[in-house]
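This report concerns only the one structure given below.
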Amino acid sequence: MRKSAPRWLRLSSAVAMLCVASLAVGLIVGWVARGALLDDPLTAAPESDAHQNPAGGVDKLPMPDVRGLTEVDARQVISDAGYDPALVKISNVPSVLTTGTIAAQDPVAGTKNPTAITLSLPAPALMPDLAGKPLDEASRTLSSLGAQPLVNRVYDPNITPGSIISSEPASGAALTATPTLIVAGAPDSIPLASFKAIGNCGTISTGSINGAPITGGISCNARSEASTTFWILGRTLNRLQAVVGIEDRADKDSRARVKMTADGKVIFDEEFTYGEGYNLDADVTNVLRLEIEVTTVGAASGTSGSAPIVLGNATLLGSAEAIAALDLNP
């Protein structure tokens, strides 16, 4: 009869088998966990912005914006973006920006894989000659030099509104960050009827000349003997504009002469027949006394011998400041 193993031996064998089983389970669980960690995208190491492409090279970041940086810092930023420092060239451009910082770059920020890079450093800039140029063109020119121009509008009857008259600093002087452009502005206006008339002419609110309606102005009754009327302008205005002619309600055979002088200088002298009109645009710059003389010419039989001469919509032009300073009290 076979004798059974001692009790202590059986107990030791059971413990050994339990340890072996625990070790096997631990190995299996470890392998599974390790595989899960390797496959988990959340635990994978992030890829760098510059990484290997299939051809074995390094993909570069888009061209960075290095304007305003020093040359040293700009070169470092470009190198960090993956570009060969040998691609970078330096040029000098006139500008009011801080000396030693990048004023412009070519290509612009965001360009992908440029083959050449030019960085522009500021050099002393002079005020360009902008007289006569349109305001938008002058502003673009100064902006390209890093300047932000201020605008001062002044009425000048000899310059097209919106054109540059002059600049501060003057052309050829050192350019500042905020230069001032003196720009020709549109004129302000005031009716001639606003001034006190000394003589026989008066105001008119409605009427027509050669079929064209007028909404105000001056009416002078011309007769065979010359009559005059004058206004004191005060040397502050620049131009007189009006439609001159015989009012349409006059006799159809009417003829008249109109002569205007500015401080004794003739600025208008014309004869009119019924149904004619003339667009007057006269220079009255620095004029003190404006005078008009009217007479009829060869009155036809059966007519009244008089003719209403009209300066339709008569308006004086000048700067807003000059007109605001006028004292029009009687």
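Letters A, B, ... go to the chains of the structure tokens in the order shown; residues in each chain start at 1; ligands are counted from 1 in the same order.
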
Could you tell me, as number ranges by chain, which residues of region 176-256 of chain A DSSP assigns to strand (DSSP E or B) when given the backbone? A: 180-185, 188-191, 198-199, 202-204, 207-209, 212-214, 217-222, 227-232, 239-246, 255-256

Restrict the selected residues to C-alpha atoms and save them as a CSV table (one decimal), in the first residue's frame.
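This went into part-v1.csv:
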chain,number,residue,atom,x,y,z
A,180,THR,CA,1.6,117.6,-41.8
A,181,LEU,CA,0.1,117.9,-45.3
A,182,ILE,CA,-1.4,121.2,-46.3
A,183,VAL,CA,-4.2,120.2,-48.6
A,184,ALA,CA,-6.4,122.4,-50.8
A,185,GLY,CA,-9.9,122.3,-49.3
A,188,ASP,CA,-17.1,128.1,-48.3
A,189,SER,CA,-19.6,130.4,-49.9
A,190,ILE,CA,-21.8,133.4,-49.0
A,191,PRO,CA,-24.4,135.1,-51.2
A,198,ILE,CA,-24.8,151.0,-52.0
A,199,GLY,CA,-26.7,152.1,-55.2
A,202,GLY,CA,-31.4,145.1,-55.0
A,203,THR,CA,-32.0,141.4,-54.3
A,204,ILE,CA,-34.1,139.0,-56.2
A,207,GLY,CA,-36.6,134.5,-61.8
A,208,SER,CA,-35.0,133.1,-64.9
A,209,ILE,CA,-32.4,133.9,-67.5
A,212,ALA,CA,-32.9,128.7,-66.7
A,213,PRO,CA,-34.4,129.3,-63.2
A,214,ILE,CA,-32.5,131.2,-60.6
A,217,GLY,CA,-29.2,137.0,-56.6
A,218,ILE,CA,-29.0,140.7,-57.5
A,219,SER,CA,-31.2,142.6,-59.9
A,220,CYS,CA,-30.2,146.0,-61.4
A,221,ASN,CA,-32.6,148.1,-63.5
A,222,ALA,CA,-30.6,149.3,-66.5
A,227,SER,CA,-26.2,153.6,-62.9
A,228,THR,CA,-23.8,152.0,-60.4
A,229,THR,CA,-23.9,150.0,-57.3
A,230,PHE,CA,-21.0,148.8,-55.1
A,231,TRP,CA,-20.3,146.4,-52.2
A,232,ILE,CA,-17.5,146.4,-49.7
A,239,ARG,CA,-14.1,134.5,-56.3
A,240,LEU,CA,-17.4,135.8,-57.5
A,241,GLN,CA,-19.7,133.4,-59.4
A,242,ALA,CA,-23.0,134.2,-61.0
A,243,VAL,CA,-25.2,133.8,-64.1
A,244,VAL,CA,-25.4,137.3,-65.7
A,245,GLY,CA,-28.1,138.3,-68.2
A,246,ILE,CA,-31.4,140.0,-68.9
A,255,ARG,CA,-30.3,145.1,-74.9
A,256,ALA,CA,-27.9,146.1,-72.1

Leu119 (chain A): which residues within 12 Å, counting only C-alpha atoms, same-chain residues fewer than 3 positions away excluded, as a ChimeraX atom specification? /A:64-75,78,87-93,100-109,116,122

Include C-alpha atoms and write out the residues we just selected as a short mmCIF file (atom, residue, chain, number, x, y, z; two decimals), in the first residue's frame.
data_model
loop_
_atom_site.label_atom_id
_atom_site.label_comp_id
_atom_site.auth_asym_id
_atom_site.auth_seq_id
_atom_site.Cartn_x
_atom_site.Cartn_y
_atom_site.Cartn_z
CA PRO A 64 7.18 84.51 -39.62
CA ASP A 65 6.49 88.23 -39.17
CA VAL A 66 9.76 89.77 -37.95
CA ARG A 67 8.96 93.45 -38.47
CA GLY A 68 9.91 95.54 -35.45
CA LEU A 69 12.51 93.02 -34.23
CA THR A 70 16.22 93.67 -34.13
CA GLU A 71 18.27 92.05 -36.86
CA VAL A 72 19.71 89.48 -34.41
CA ASP A 73 16.28 88.49 -33.08
CA ALA A 74 14.78 88.38 -36.59
CA ARG A 75 17.50 86.03 -37.80
CA ILE A 78 13.68 82.77 -39.01
CA LEU A 87 18.81 82.71 -47.23
CA VAL A 88 18.59 85.98 -45.28
CA LYS A 89 19.79 89.18 -46.99
CA ILE A 90 19.78 92.67 -45.45
CA SER A 91 18.88 95.90 -47.27
CA ASN A 92 18.41 99.53 -46.18
CA VAL A 93 15.26 101.54 -46.94
CA GLY A 100 18.11 98.91 -35.94
CA THR A 101 14.70 97.23 -36.18
CA ILE A 102 13.22 95.50 -39.21
CA ALA A 103 11.10 97.97 -41.21
CA ALA A 104 9.93 95.57 -43.95
CA GLN A 105 10.36 91.99 -45.09
CA ASP A 106 10.10 90.08 -48.33
CA PRO A 107 8.30 87.72 -48.51
CA VAL A 108 5.44 88.72 -46.24
CA ALA A 109 4.50 86.72 -43.17
CA ALA A 116 15.07 83.95 -50.54
CA PRO A 122 15.53 101.79 -41.68
#

Residues near Pro94 (chain A), anyone? I mean within 10 Å using only C-alpha atoms, not counting same-chain ones fewer than 2 positions away, as a PyMOL selection string. chain A and resi 92+96-97+103+120-126+144-146+175

Save the residues we just selected, C-alpha atoms, as a PDB file, in the first residue's frame?
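Done, and the output landed in selection.pdb:
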ATOM      1  CA  ASN A  92      18.415  99.527 -46.177  1.00  0.00           C
ATOM      2  CA  VAL A  96      11.158 106.936 -39.875  1.00  0.00           C
ATOM      3  CA  LEU A  97      10.914 103.666 -37.931  1.00  0.00           C
ATOM      4  CA  ALA A 103      11.097  97.966 -41.214  1.00  0.00           C
ATOM      5  CA  SER A 120      14.970  95.872 -44.646  1.00  0.00           C
ATOM      6  CA  LEU A 121      16.510  98.078 -41.979  1.00  0.00           C
ATOM      7  CA  PRO A 122      15.529 101.786 -41.681  1.00  0.00           C
ATOM      8  CA  ALA A 123      17.801 104.480 -43.085  1.00  0.00           C
ATOM      9  CA  PRO A 124      17.282 108.264 -42.598  1.00  0.00           C
ATOM     10  CA  ALA A 125      14.372 109.493 -44.746  1.00  0.00           C
ATOM     11  CA  LEU A 126      13.748 112.913 -46.313  1.00  0.00           C
ATOM     12  CA  SER A 144       5.514 103.483 -47.175  1.00  0.00           C
ATOM     13  CA  LEU A 145       8.187 105.444 -45.279  1.00  0.00           C
ATOM     14  CA  GLY A 146       6.643 104.562 -41.928  1.00  0.00           C
ATOM     15  CA  LEU A 175      11.050 113.322 -42.394  1.00  0.00           C
TER      16      LEU A 175
END

Alpha helix (DSSP H) positions in region 79-325 of chain A, given as a PyMOL selection string: chain A and resi 79-80+135-143+320-324

Kindly export the residues of the current selection with C-alpha atoms, as a CSV table (one decimal), in the first residue's frame.
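As a result, again_21.csv now contains:
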chain,number,residue,atom,x,y,z
A,79,SER,CA,16.2,80.1,-38.1
A,80,ASP,CA,13.8,78.6,-35.5
A,135,LEU,CA,-4.0,113.5,-51.0
A,136,ASP,CA,-4.4,109.7,-51.3
A,137,GLU,CA,-1.3,109.3,-53.3
A,138,ALA,CA,0.7,111.5,-50.9
A,139,SER,CA,-0.6,109.6,-47.9
A,140,ARG,CA,0.5,106.2,-49.5
A,141,THR,CA,3.9,107.6,-50.2
A,142,LEU,CA,4.4,108.7,-46.6
A,143,SER,CA,3.0,105.5,-45.2
A,320,ALA,CA,-14.5,129.1,-44.0
A,321,GLU,CA,-12.4,131.1,-41.6
A,322,ALA,CA,-12.5,134.3,-43.7
A,323,ILE,CA,-16.3,134.1,-44.2
A,324,ALA,CA,-16.9,133.4,-40.5

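In this structure, CA of Asn313 (chain A) sits 16.0 Å away from CA of Glu276 (chain A).
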
The distance between CA of Gly211 (chain A) and CA of Gly318 (chain A) is 29.4 Å

Could you please determine the separation between CA of Ser306 (chain A) and CA of Lys259 (chain A) in Å, to one decimal place?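 It comes out at 16.3 Å.
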
Please provide the set of residues having any atom within 8 Å of Ser171 (chain A), restricted to only C-alpha atoms, with same-chain residues fewer than 3 positions apart removed, written as a PDB file with C-alpha atoms, in the first residue's frame.
ATOM      1  CA  LEU A 126      13.748 112.913 -46.313  1.00  0.00           C
ATOM      2  CA  MET A 127      10.374 114.551 -46.884  1.00  0.00           C
ATOM      3  CA  PRO A 128       9.427 113.873 -50.530  1.00  0.00           C
ATOM      4  CA  ASP A 129       8.146 116.601 -52.860  1.00  0.00           C
ATOM      5  CA  LEU A 130       4.382 116.057 -52.774  1.00  0.00           C
ATOM      6  CA  SER A 167       4.053 120.095 -46.224  1.00  0.00           C
TER       7      SER A 167
END
